[in-house]
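*Asks:* Here it is, the structure, as structure tokens.
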Amino acid sequence: MTSDLFVRRGGSGDRTLVLLHGLGGTGEVWQGLTDRLPGEWNWVVPDLPGHGRSAALPSYSFGGLAAEVAKSLSGDVVVLGHSLGGVLALTLASGWFGPSVSAVCGLGIKVRWTPEELEKAAAVAAKPARVFATREEAADRWLKVSGLVGLLPLEAVGAGMVQDGDGWKVALDQGAFGVGAPDLRGLLAAARGPVVLAAGEHDPMCPAEHLRELVPDPVVLPGLGHNAHVENPEALLPLLDRLR
């Protein structure tokens with residue numbers, strides 16, 4: 001199968017780790033972790049559809065996103081996803097889309113959604129992308145959209161924006177904001193292998209008590225927030241030990 005996904009691959013191990021970023025991000029958010037992976041791992045890091053260097057989709061659903069990611073995978077894989085990527089990791093764990101997923105970790109998945117939050121997301125999805133006069137303004141906007149302000153310097157933002165005529169815009173299809181709220185209980189029930197749910201101790205989008213509504217023993221990463229994988233990539237290495 002072919003895919004319009006931009007995918008980076010590396011490592012020389014005999015196990016494959018798929019890393020899926022969150023809404024608004026790009027695969028670059030995993031650089032700190034891939035630089036620290038033990039030698040047993042190969043890694044596969046896509047830009048999700050409609051993000052970064054990957055093509056947009058006509059519409060967005062968790063199943064549609066997972067199906068596109070699956071086209072770039074083969075063999076037995078372990079999947080670690082953040083936020084939206086965590087939902088996609090659980091979706092792939094169902095086995096419905098082809099790849100054999102032996103274990104999965106969802107990091108910082110938002111569990112509770114209010115009607116107001118969903119309405120706001122749908123409104124954002126319907127808006128045209130804003131074009132900025134300078135690359136720096138677009139980069140600043142990308143950092144805000146992806147929740148990475150203060151975690152990455154402006155000069156580190158590359159794939160997060162794209163030139164548009166004489167201006168620049170965030171490399172994100174606005175329609176992706178309309179993906180909706182996931183059925184996490186259903187996805188957990190469908191998962192064919194071990195599942196770990198985790199979040200930073202100070203993640204306002206994914207407090208530990210919300211995760212405990214779904215699993216009895218979520219992993220809480222001390223001192224970290226929503227983007228724990230960027231704040232302290234090394235803190236995620238113990239999660240991989242649980243994905244065996």
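All residue names refer to the structure tokens as shown: chains lettered A, B, ... in order, residues numbered from 1 in each chain, ligands numbered from 1 in order.
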Just want the 7 Å neighbourhood of Val220 (chain A), counted on only C-alpha atoms, with same-chain residues fewer than 6 positions away dropped. Output as a PyMOL selection string.

*Replies:* chain A and resi 198-201+208

*Asks:* Do you have, as a Markdown table, the list of residues of region 45-139 of chain A lying at most 12 Å from region 214-218 of chain A, each with its nearest atom pair and that distance in Å to one decimal, counting only C-alpha atoms and ordered by chain then number?

*Replies:*
| residue | atom | partner | partner_atom | distance |
| --- | --- | --- | --- | --- |
| A:Cys105 | CA | A:Pro218 | CA | 10.3 |
| A:Gly106 | CA | A:Pro218 | CA | 9.9 |
| A:Leu107 | CA | A:Pro218 | CA | 9.8 |
| A:Gly108 | CA | A:Pro218 | CA | 10.7 |
| A:Ile109 | CA | A:Leu214 | CA | 11.3 |
| A:Lys110 | CA | A:Leu214 | CA | 11.7 |
| A:Val111 | CA | A:Leu214 | CA | 8.8 |
| A:Arg112 | CA | A:Leu214 | CA | 11.2 |

*Asks:* In Å, rounded to a single decimal, give me how far CA of Asp164 (chain A) is from CA of Leu118 (chain A).

*Replies:*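 We find that CA of Leu118 (chain A) and CA of Asp164 (chain A) lie 28.8 Å from each other.
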
*Asks:* Have a look at A:Asn232, A:Gln174, A:Gln163, A:Thr16 and name the one nearest to Val101 (chain A); count only C-alpha atoms.

*Replies:* A:Thr16

*Asks:* Nearest to Gly180 (chain A) among A:Gly160, A:Pro194, A:Gly63, A:Pro46, with distances taken over only C-alpha atoms: which residue is it?

*Replies:*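 Looking only at the distances to Gly180 (chain A), the closest residue turns out to be A:Gly63.
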
*Asks:* When you count only C-alpha atoms, which of these residues is closest to Val79 (chain A): A:Asn42, A:Ser54, A:Ser61, A:Thr114?

*Replies:* A:Asn42

*Asks:* Would you pick out the contacts of Leu243 (chain A) at 12 Å or less, using only C-alpha atoms, so that residues sharing its chain but fewer than 2 positions from it are not included, and give the list as a PyMOL selection string?

*Replies:* chain A and resi 15-17+77-80+101-106+193-197+236-241

*Asks:* What are the DSSP strand (DSSP E) residues of chain A, as a PyMOL selection string?

*Replies:* chain A and resi 7-11+15-20+41-46+76-82+100-107+161-164+167-170+195-200+219-221

*Asks:* Between A:Glu209, A:Asp203, A:Glu155, A:Asp14, which residue has the minimum interatomic distance to Ala228 (chain A), considering only C-alpha atoms?

*Replies:* A:Asp203

*Asks:* So which residues of region 7-218 of chain A fall under alpha helix (DSSP H) by DSSP, listed as a ChimeraX atom specification?

*Replies:* /A:31-34,62-70,84-93,115-126,135-145,184-190,208-211

*Asks:* Got a sec: who's within 12 Å of Leu65 (chain A), counting only C-alpha atoms, leaving out chain neighbours fewer than 2 positions off, as a PyMOL selection string?

*Replies:* chain A and resi 3-5+20+23+46-51+54-63+67-72+84-92+97+176+179

*Asks:* Please dump the current selection as a short mmCIF file (atom, residue, chain, number, x, y, z; two decimals), in the first residue's frame; keep N, CA, C and O atoms.

*Replies:*
data_model
loop_
_atom_site.label_atom_id
_atom_site.label_comp_id
_atom_site.auth_asym_id
_atom_site.auth_seq_id
_atom_site.Cartn_x
_atom_site.Cartn_y
_atom_site.Cartn_z
N SER A 3 1.30 5.54 0.66
CA SER A 3 0.83 6.52 1.62
C SER A 3 1.39 7.88 1.26
O SER A 3 2.48 7.99 0.70
N ASP A 4 0.64 8.93 1.58
CA ASP A 4 1.11 10.30 1.41
C ASP A 4 1.72 10.83 2.69
O ASP A 4 1.86 12.03 2.86
N LEU A 5 2.09 9.94 3.60
CA LEU A 5 2.70 10.34 4.85
C LEU A 5 4.20 10.58 4.66
O LEU A 5 4.88 9.82 3.97
N LEU A 20 3.91 8.56 17.54
CA LEU A 20 2.87 9.37 16.93
C LEU A 20 2.66 10.66 17.73
O LEU A 20 2.33 10.60 18.92
N LEU A 23 -1.95 16.58 18.11
CA LEU A 23 -2.58 17.52 17.20
C LEU A 23 -1.74 18.79 17.08
O LEU A 23 -1.35 19.38 18.08
N PRO A 46 6.19 9.22 11.81
CA PRO A 46 5.50 9.95 10.75
C PRO A 46 5.05 11.34 11.20
O PRO A 46 4.89 11.60 12.39
N ASP A 47 4.86 12.22 10.23
CA ASP A 47 4.00 13.38 10.43
C ASP A 47 2.59 12.88 10.14
O ASP A 47 2.34 12.30 9.07
N LEU A 48 1.67 13.08 11.06
CA LEU A 48 0.31 12.59 10.85
C LEU A 48 -0.33 13.29 9.64
O LEU A 48 0.08 14.38 9.25
N PRO A 49 -1.33 12.67 9.03
CA PRO A 49 -2.01 13.30 7.90
C PRO A 49 -2.47 14.72 8.24
O PRO A 49 -3.00 14.97 9.33
N GLY A 50 -2.24 15.64 7.31
CA GLY A 50 -2.63 17.02 7.53
C GLY A 50 -1.69 17.81 8.41
O GLY A 50 -1.97 18.96 8.74
N HIS A 51 -0.57 17.23 8.77
CA HIS A 51 0.41 17.86 9.65
C HIS A 51 1.78 17.88 8.96
O HIS A 51 2.14 16.94 8.25
N SER A 54 3.12 15.92 5.63
CA SER A 54 2.18 14.90 5.16
C SER A 54 0.95 15.53 4.53
O SER A 54 0.52 16.61 4.92
N ALA A 55 0.39 14.83 3.54
CA ALA A 55 -0.78 15.33 2.82
C ALA A 55 -2.01 15.38 3.73
O ALA A 55 -2.14 14.59 4.67
N ALA A 56 -2.90 16.30 3.41
CA ALA A 56 -4.16 16.41 4.14
C ALA A 56 -5.12 15.32 3.70
O ALA A 56 -4.95 14.69 2.65
N LEU A 57 -6.15 15.09 4.52
CA LEU A 57 -7.24 14.18 4.19
C LEU A 57 -8.50 14.99 3.87
O LEU A 57 -8.65 16.12 4.34
N PRO A 58 -9.42 14.41 3.10
CA PRO A 58 -10.67 15.12 2.82
C PRO A 58 -11.47 15.39 4.10
O PRO A 58 -12.16 16.42 4.21
N SER A 59 -11.40 14.49 5.05
CA SER A 59 -12.05 14.66 6.35
C SER A 59 -11.27 13.83 7.36
O SER A 59 -10.45 12.97 6.98
N TYR A 60 -11.52 14.08 8.65
CA TYR A 60 -10.70 13.47 9.69
C TYR A 60 -11.54 12.67 10.67
O TYR A 60 -12.54 13.15 11.21
N SER A 61 -11.11 11.45 10.89
CA SER A 61 -11.66 10.57 11.92
C SER A 61 -10.49 9.78 12.48
O SER A 61 -9.43 9.68 11.86
N PHE A 62 -10.67 9.22 13.66
CA PHE A 62 -9.58 8.44 14.24
C PHE A 62 -9.27 7.22 13.37
O PHE A 62 -8.10 6.87 13.16
N GLY A 63 -10.31 6.58 12.86
CA GLY A 63 -10.09 5.42 12.00
C GLY A 63 -9.39 5.80 10.71
O GLY A 63 -8.48 5.10 10.25
N ALA A 67 -5.72 4.47 9.64
CA ALA A 67 -5.57 3.72 8.40
C ALA A 67 -4.42 4.26 7.56
O ALA A 67 -3.67 3.50 6.95
N GLU A 68 -4.27 5.60 7.53
CA GLU A 68 -3.17 6.19 6.77
C GLU A 68 -1.82 5.86 7.41
O GLU A 68 -0.85 5.55 6.73
N VAL A 69 -1.75 5.94 8.73
CA VAL A 69 -0.51 5.57 9.42
C VAL A 69 -0.16 4.12 9.15
O VAL A 69 0.99 3.76 8.90
N ALA A 70 -1.16 3.25 9.18
CA ALA A 70 -0.94 1.81 9.00
C ALA A 70 -0.29 1.48 7.67
O ALA A 70 0.44 0.48 7.56
N LYS A 71 -0.53 2.30 6.64
CA LYS A 71 0.04 2.02 5.33
C LYS A 71 1.57 2.08 5.34
O LYS A 71 2.22 1.49 4.48
N SER A 72 2.13 2.77 6.33
CA SER A 72 3.58 2.91 6.41
C SER A 72 4.23 1.91 7.36
O SER A 72 5.44 1.97 7.59
N LEU A 84 -3.51 13.22 20.62
CA LEU A 84 -4.17 12.64 19.45
C LEU A 84 -3.44 11.39 18.98
O LEU A 84 -4.06 10.38 18.65
N GLY A 85 -2.11 11.44 18.98
CA GLY A 85 -1.33 10.26 18.59
C GLY A 85 -1.55 9.09 19.52
O GLY A 85 -1.47 7.93 19.09
N GLY A 86 -1.86 9.36 20.79
CA GLY A 86 -2.17 8.29 21.72
C GLY A 86 -3.48 7.60 21.37
O GLY A 86 -3.61 6.37 21.48
N VAL A 87 -4.46 8.40 20.95
CA VAL A 87 -5.73 7.81 20.50
C VAL A 87 -5.49 6.93 19.27
O VAL A 87 -6.03 5.82 19.16
N LEU A 88 -4.66 7.41 18.36
CA LEU A 88 -4.36 6.62 17.16
C LEU A 88 -3.59 5.35 17.51
O LEU A 88 -3.78 4.31 16.88
N ALA A 89 -2.73 5.43 18.52
CA ALA A 89 -2.02 4.24 18.97
C ALA A 89 -3.01 3.18 19.45
O ALA A 89 -2.91 2.00 19.11
N LEU A 90 -4.00 3.61 20.24
CA LEU A 90 -5.03 2.67 20.71
C LEU A 90 -5.86 2.15 19.55
O LEU A 90 -6.26 0.98 19.53
N THR A 91 -6.14 3.00 18.58
CA THR A 91 -6.92 2.58 17.41
C THR A 91 -6.17 1.52 16.63
O THR A 91 -6.75 0.50 16.21
N LEU A 92 -4.87 1.70 16.46
CA LEU A 92 -4.06 0.70 15.76
C LEU A 92 -3.98 -0.60 16.55
O LEU A 92 -3.89 -1.69 15.97
N PHE A 97 -6.56 -2.39 11.27
CA PHE A 97 -5.96 -1.71 10.12
C PHE A 97 -4.73 -2.41 9.56
O PHE A 97 -4.04 -1.87 8.71
N ALA A 176 -8.31 19.13 10.78
CA ALA A 176 -7.94 18.10 11.75
C ALA A 176 -8.49 18.41 13.14
O ALA A 176 -8.67 17.49 13.96
N VAL A 179 -11.77 16.41 14.51
CA VAL A 179 -11.78 14.95 14.62
C VAL A 179 -12.73 14.44 15.70
O VAL A 179 -13.22 13.31 15.64
#

*Asks:* Record the distance separating CA of Gly158 (chain A) and CA of Pro204 (chain A), expressed in Å with one decimal.

*Replies:*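 Separating CA of Gly158 (chain A) from CA of Pro204 (chain A) is a distance of 27.0 Å.
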
*Asks:* Of the candidates A:Arg141, A:His229, A:Arg185, A:Arg242, which one gets nearest to His82 (chain A) if we count only C-alpha atoms?

*Replies:*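 Looking at the shortest contact to His82 (chain A), the residue is A:His229.
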
*Asks:* If you count only C-alpha atoms, which residues fall within 9 Å of Ser74 (chain A), apart from same-chain ones fewer than 6 positions away, as a PyMOL selection string?

*Replies:* chain A and resi 98-100

*Asks:* Using Å and a single decimal, report how far CA of Arg53 (chain A) sits from CA of Gly165 (chain A).

*Replies:*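 That distance, rounded to one decimal, is 17.3 Å.
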
*Asks:* With only C-alpha atoms as the atoms that count, which of A:Lys169, A:Val18, A:Asp183, A:Gly25 lies nearest to Val44 (chain A)?

*Replies:*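 Closest candidate: A:Val18.
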
*Asks:* If we count only C-alpha atoms, what is near His202 (chain A) at a cut-off of 9 Å, once residues fewer than 2 positions away on the same chain are taken out, given as a PyMOL selection string?

*Replies:* chain A and resi 199-200+204-207+221-226

*Asks:* Please provide as a ChimeraX atom specification all residues within 12 Å of Ser146 (chain A), with the sequence filter that same-chain residues fewer than 3 positions apart are discarded (counting only C-alpha atoms).

*Replies:* /A:21-29,51-52,82-84,139-143,149-152,157,160-161,170-172,177,226-227,230

*Asks:* Keeping only N, CA and C atoms, write the selected residues as a tab-separated table (two decimals), in the first residue's frame.

*Replies:*
chain	number	residue	atom	x	y	z
A	21	HIS	N	2.84	11.78	17.07
A	21	HIS	CA	2.74	13.08	17.75
A	21	HIS	C	1.28	13.50	17.94
A	22	GLY	N	1.09	14.59	18.66
A	22	GLY	CA	-0.25	15.10	18.94
A	22	GLY	C	-0.74	16.09	17.91
A	23	LEU	N	-1.95	16.58	18.11
A	23	LEU	CA	-2.58	17.52	17.20
A	23	LEU	C	-1.74	18.79	17.08
A	24	GLY	N	-1.46	19.18	15.85
A	24	GLY	CA	-0.68	20.39	15.60
A	24	GLY	C	0.81	20.17	15.51
A	25	GLY	N	1.31	19.04	16.01
A	25	GLY	CA	2.74	18.80	16.05
A	25	GLY	C	3.28	18.22	14.76
A	26	THR	N	4.53	17.84	14.80
A	26	THR	CA	5.19	17.09	13.73
A	26	THR	C	6.07	16.03	14.39
A	27	GLY	N	6.62	15.16	13.59
A	27	GLY	CA	7.46	14.10	14.13
A	27	GLY	C	8.69	14.59	14.86
A	28	GLU	N	9.08	15.84	14.64
A	28	GLU	CA	10.27	16.38	15.29
A	28	GLU	C	10.16	16.39	16.81
A	29	VAL	N	8.94	16.37	17.35
A	29	VAL	CA	8.80	16.42	18.81
A	29	VAL	C	9.40	15.19	19.48
A	51	HIS	N	-0.57	17.23	8.77
A	51	HIS	CA	0.41	17.86	9.65
A	51	HIS	C	1.78	17.88	8.96
A	52	GLY	N	2.54	18.93	9.22
A	52	GLY	CA	3.91	18.98	8.74
A	52	GLY	C	4.03	18.74	7.25
A	82	HIS	N	1.25	10.39	21.58
A	82	HIS	CA	0.96	11.48	22.50
A	82	HIS	C	-0.34	12.16	22.11
A	83	SER	N	-1.25	12.34	23.06
A	83	SER	CA	-2.49	13.09	22.86
A	83	SER	C	-3.29	12.49	21.70
A	84	LEU	N	-3.51	13.22	20.62
A	84	LEU	CA	-4.17	12.64	19.45
A	84	LEU	C	-3.44	11.39	18.98
A	139	ALA	N	6.03	30.54	12.85
A	139	ALA	CA	6.68	29.63	13.79
A	139	ALA	C	6.14	29.84	15.20
A	140	ASP	N	5.95	31.10	15.58
A	140	ASP	CA	5.40	31.41	16.90
A	140	ASP	C	3.99	30.84	17.04
A	141	ARG	N	3.20	30.96	15.98
A	141	ARG	CA	1.85	30.41	16.00
A	141	ARG	C	1.88	28.89	16.11
A	142	TRP	N	2.79	28.24	15.39
A	142	TRP	CA	2.90	26.78	15.46
A	142	TRP	C	3.23	26.32	16.88
A	143	LEU	N	4.14	27.02	17.54
A	143	LEU	CA	4.49	26.67	18.91
A	143	LEU	C	3.28	26.76	19.82
A	149	VAL	N	5.27	26.19	23.37
A	149	VAL	CA	5.88	27.46	23.75
A	149	VAL	C	6.76	27.27	24.98
A	150	GLY	N	7.99	27.72	24.89
A	150	GLY	CA	8.92	27.58	25.99
A	150	GLY	C	9.65	26.26	26.03
A	151	LEU	N	9.23	25.31	25.17
A	151	LEU	CA	9.89	24.00	25.14
A	151	LEU	C	10.81	23.85	23.94
A	152	LEU	N	10.52	24.56	22.87
A	152	LEU	CA	11.36	24.56	21.68
A	152	LEU	C	11.64	26.00	21.28
A	157	VAL	N	11.98	25.28	14.92
A	157	VAL	CA	10.72	24.98	14.25
A	157	VAL	C	10.95	24.97	12.74
A	160	GLY	N	7.03	22.70	10.92
A	160	GLY	CA	5.77	23.18	11.46
A	160	GLY	C	5.11	24.29	10.67
A	161	MET	N	5.82	24.85	9.70
A	161	MET	CA	5.18	25.89	8.88
A	161	MET	C	5.60	25.74	7.43
A	170	VAL	N	0.98	27.99	9.31
A	170	VAL	CA	1.24	26.75	10.05
A	170	VAL	C	0.95	25.56	9.13
A	171	ALA	N	1.84	24.59	9.13
A	171	ALA	CA	1.68	23.40	8.28
A	171	ALA	C	0.73	22.42	8.96
A	172	LEU	N	-0.52	22.81	9.03
A	172	LEU	CA	-1.56	22.01	9.68
A	172	LEU	C	-2.88	22.27	8.97
A	177	PHE	N	-8.78	19.68	13.42
A	177	PHE	CA	-9.35	20.03	14.72
A	177	PHE	C	-10.74	19.45	14.90
A	226	HIS	N	1.92	18.40	29.88
A	226	HIS	CA	1.26	17.71	28.76
A	226	HIS	C	2.25	17.19	27.73
A	227	ASN	N	3.31	17.92	27.49
A	227	ASN	CA	4.32	17.50	26.50
A	227	ASN	C	5.52	16.87	27.21
A	230	VAL	N	8.70	15.95	25.34
A	230	VAL	CA	9.61	17.03	24.94
A	230	VAL	C	10.30	17.61	26.17
